[in-house]
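Report on the following structure.
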Amino acid sequence: MIEHVYRRASGAAQVAEVIVATDSERVADAVRAFGGRVEMTSATHRSGSDRVAEVAARIDASIVVNVQGDEPLVAPAAIDQVIAPLLADPSIAIATLARRIEREADYTDSAVVKVVVGVGGRALYFSRSPIPHVRGSAAPVAGAVVRKHIGLYVYRREALLAFSRLDPTPLERAESLEQLRALEHGMRIMVVDTDYDSIGVDTPEDLERVRQLAAAAREG
C-alpha cells in the first residue's frame with residue numbers, strides 16, 4: 001500500500017521529491033525495496049505532522065506536504081490543488097482540503113471529520129461531531145454548507161517546525177485531531193474546496209473497498 005501512496009504522490013506536478021517518514025523498519029524495508037526514499041524518525045511522535053516535521057528539520061524545502069500513508073488512492077491533482085494557495089499567497093502558511101458533505105450518514109459519522117470555514121476560506125473549527133449544528137434538525141438543511149475534512153496538509157517549512165514545538169492542546173486531545181493544536185495556538189489554516197474524496201485504509205473492509213475501486217479504475 002505504501003508504494004501506491006508513494007507513486008501517486010510522485011505524480012503531483014508541484015512535488016519535487018517524495019520521502020516516507022517512518023519509525024518502522026518493516027515499512028522502511030518495503031520502501032527501499034521499490035526504490036523509494038525513506039527517513040527514519042522517532043517512535044514518540046504525537047501526530048503525523050510531528051513526524052513529518054522531524055524530517056523537514058533536516059532537509060532543504062520551503063513547502064512540505066503531509067500525505068498519509070494509508071490513502072493509496074490519493075489523487076496527484078488533489079496534492080497540487082492544496083499546494084496552490086501557498087504558491088499564490090506568501091501570507092498563507094498552512095492549507096488543507098475539504099469537500100461538501102452530501103450524505104446524512106457522513107454528517108453524523110464520528111469517523112468523518114467535519115470542518116467549519118469562515119469568510120475567505122479560513123478554518124474556524126474541526127470536529128468529529130456534526131458541525132455546523134442545525135438547530136431543530138439532525139441533518140444539515142438545504143443551503144447549509146457542511147464540509148468533510150480531507151486529511152491532506154501543506155505547510156511552509158517554518159510553520160510546520162513551529163507547530164511541532166507547540167504543546168498539545170485540550171481540544172486536540174478531546175477530538176484527537178492534530179489540526180486543532182494549530183487553531184488553538186492562533187495559527188491560520190486555509191481550507192481549499194475540492195471534489196476529491198479520501199478513502200483511508202483502517203480496516204480489512206476499507207482495504208477491500210480500495211482494491212475494488214482500483215480494479216474498476218484500471219478497467220475503466
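Going by the C-alpha cells order, chains are called A, B, ..., each with residues numbered from 1, while ligands are numbered from 1 in the order shown.
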
Hey, what does DSSP flag as strand (DSSP E or B) within region 52-176 of chain A? Can you give it to me as an mmCIF file with C-alpha atoms, in the first residue's frame?
data_model
loop_
_atom_site.group_PDB
_atom_site.id
_atom_site.type_symbol
_atom_site.label_atom_id
_atom_site.label_comp_id
_atom_site.auth_asym_id
_atom_site.auth_seq_id
_atom_site.Cartn_x
_atom_site.Cartn_y
_atom_site.Cartn_z
ATOM 1 C CA ILE A 63 6.996 23.876 1.365
ATOM 2 C CA VAL A 64 6.221 20.472 2.867
ATOM 3 C CA VAL A 65 3.187 18.291 2.118
ATOM 4 C CA ASN A 66 1.925 15.714 4.617
ATOM 5 C CA ILE A 94 -0.921 26.075 6.219
ATOM 6 C CA ALA A 95 -3.570 24.698 3.865
ATOM 7 C CA THR A 96 -5.788 21.644 3.731
ATOM 8 C CA LEU A 97 -8.696 20.253 1.704
ATOM 9 C CA ALA A 98 -12.414 19.769 2.284
ATOM 10 C CA ARG A 99 -15.381 18.621 0.215
ATOM 11 C CA ARG A 100 -19.085 19.193 0.570
ATOM 12 C CA LYS A 114 -16.102 17.973 9.678
ATOM 13 C CA VAL A 115 -14.735 21.499 9.243
ATOM 14 C CA VAL A 116 -16.461 24.870 9.503
ATOM 15 C CA VAL A 117 -14.969 27.528 7.238
ATOM 16 C CA ARG A 122 -10.069 30.095 6.889
ATOM 17 C CA ALA A 123 -10.835 27.102 9.084
ATOM 18 C CA LEU A 124 -12.846 28.024 12.169
ATOM 19 C CA TYR A 125 -13.098 24.576 13.763
ATOM 20 C CA PHE A 126 -12.714 20.861 13.069
ATOM 21 C CA SER A 127 -14.781 18.210 14.832
ATOM 22 C CA ARG A 147 -17.766 20.063 4.716
ATOM 23 C CA LYS A 148 -15.822 16.858 5.226
ATOM 24 C CA HIS A 149 -12.177 17.444 6.034
ATOM 25 C CA ILE A 150 -9.708 15.706 3.745
ATOM 26 C CA GLY A 151 -6.584 14.932 5.798
ATOM 27 C CA LEU A 152 -4.023 16.295 3.372
ATOM 28 C CA TYR A 153 -1.891 19.157 4.701
ATOM 29 C CA VAL A 154 0.659 21.509 3.202
ATOM 30 C CA TYR A 155 2.910 23.701 5.329
ATOM 31 C CA ARG A 156 5.556 26.299 4.880
#

Inset, instruction - Any chance you could list, as a ChimeraX atom specification, the residues in region 39-168 of chain A that come up helix (DSSP H, G or I) when DSSP is run on the backbone? - result: /A:48-56,76-88,104-108,157-165

Legend entry - Contacts of region 4-6 of chain A at 7 Å (only C-alpha atoms; same-chain gap of 4+ positions) as a PyMOL selection string: chain A and resi 10+18+69+71-74

Prev. selection, N, CA and C atoms, output as a CSV table (one decimal), in the first residue's frame:
chain,number,residue,atom,x,y,z
A,10,SER,N,4.1,11.0,-6.1
A,10,SER,CA,5.2,11.4,-7.0
A,10,SER,C,4.6,12.0,-8.3
A,18,VAL,N,9.5,12.9,-3.0
A,18,VAL,CA,8.6,12.2,-2.0
A,18,VAL,C,9.5,11.4,-1.1
A,69,GLY,N,0.0,7.8,4.8
A,69,GLY,CA,0.4,6.6,4.2
A,69,GLY,C,-0.7,5.5,4.0
A,71,GLU,N,-3.6,6.1,2.5
A,71,GLU,CA,-4.6,6.5,1.5
A,71,GLU,C,-4.0,6.2,0.1
A,72,PRO,N,-4.1,5.0,-0.4
A,72,PRO,CA,-3.4,4.6,-1.6
A,72,PRO,C,-4.1,5.2,-2.9
A,73,LEU,N,-5.2,5.8,-2.7
A,73,LEU,CA,-5.9,6.3,-3.9
A,73,LEU,C,-5.8,7.9,-3.9
A,74,VAL,N,-4.8,8.4,-3.1
A,74,VAL,CA,-4.7,9.8,-3.1
A,74,VAL,C,-4.4,10.4,-4.5

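Among the candidate residues A:Ser49, A:Gln81, A:Ser42, A:Ser24, the one lying nearest to Ala182 (chain A) is A:Ser49, with distances computed using only C-alpha atoms.
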
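Counting only C-alpha atoms, the residue from A:Arg8, A:Arg157, A:Arg165, A:His133 that sits nearest to Arg58 (chain A) is A:Arg157.
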
Legend entry - Counting only C-alpha atoms, the residue of A:Glu102, A:Ile131, A:Val192, A:Arg173 that sits nearest Val82 (chain A): A:Val192
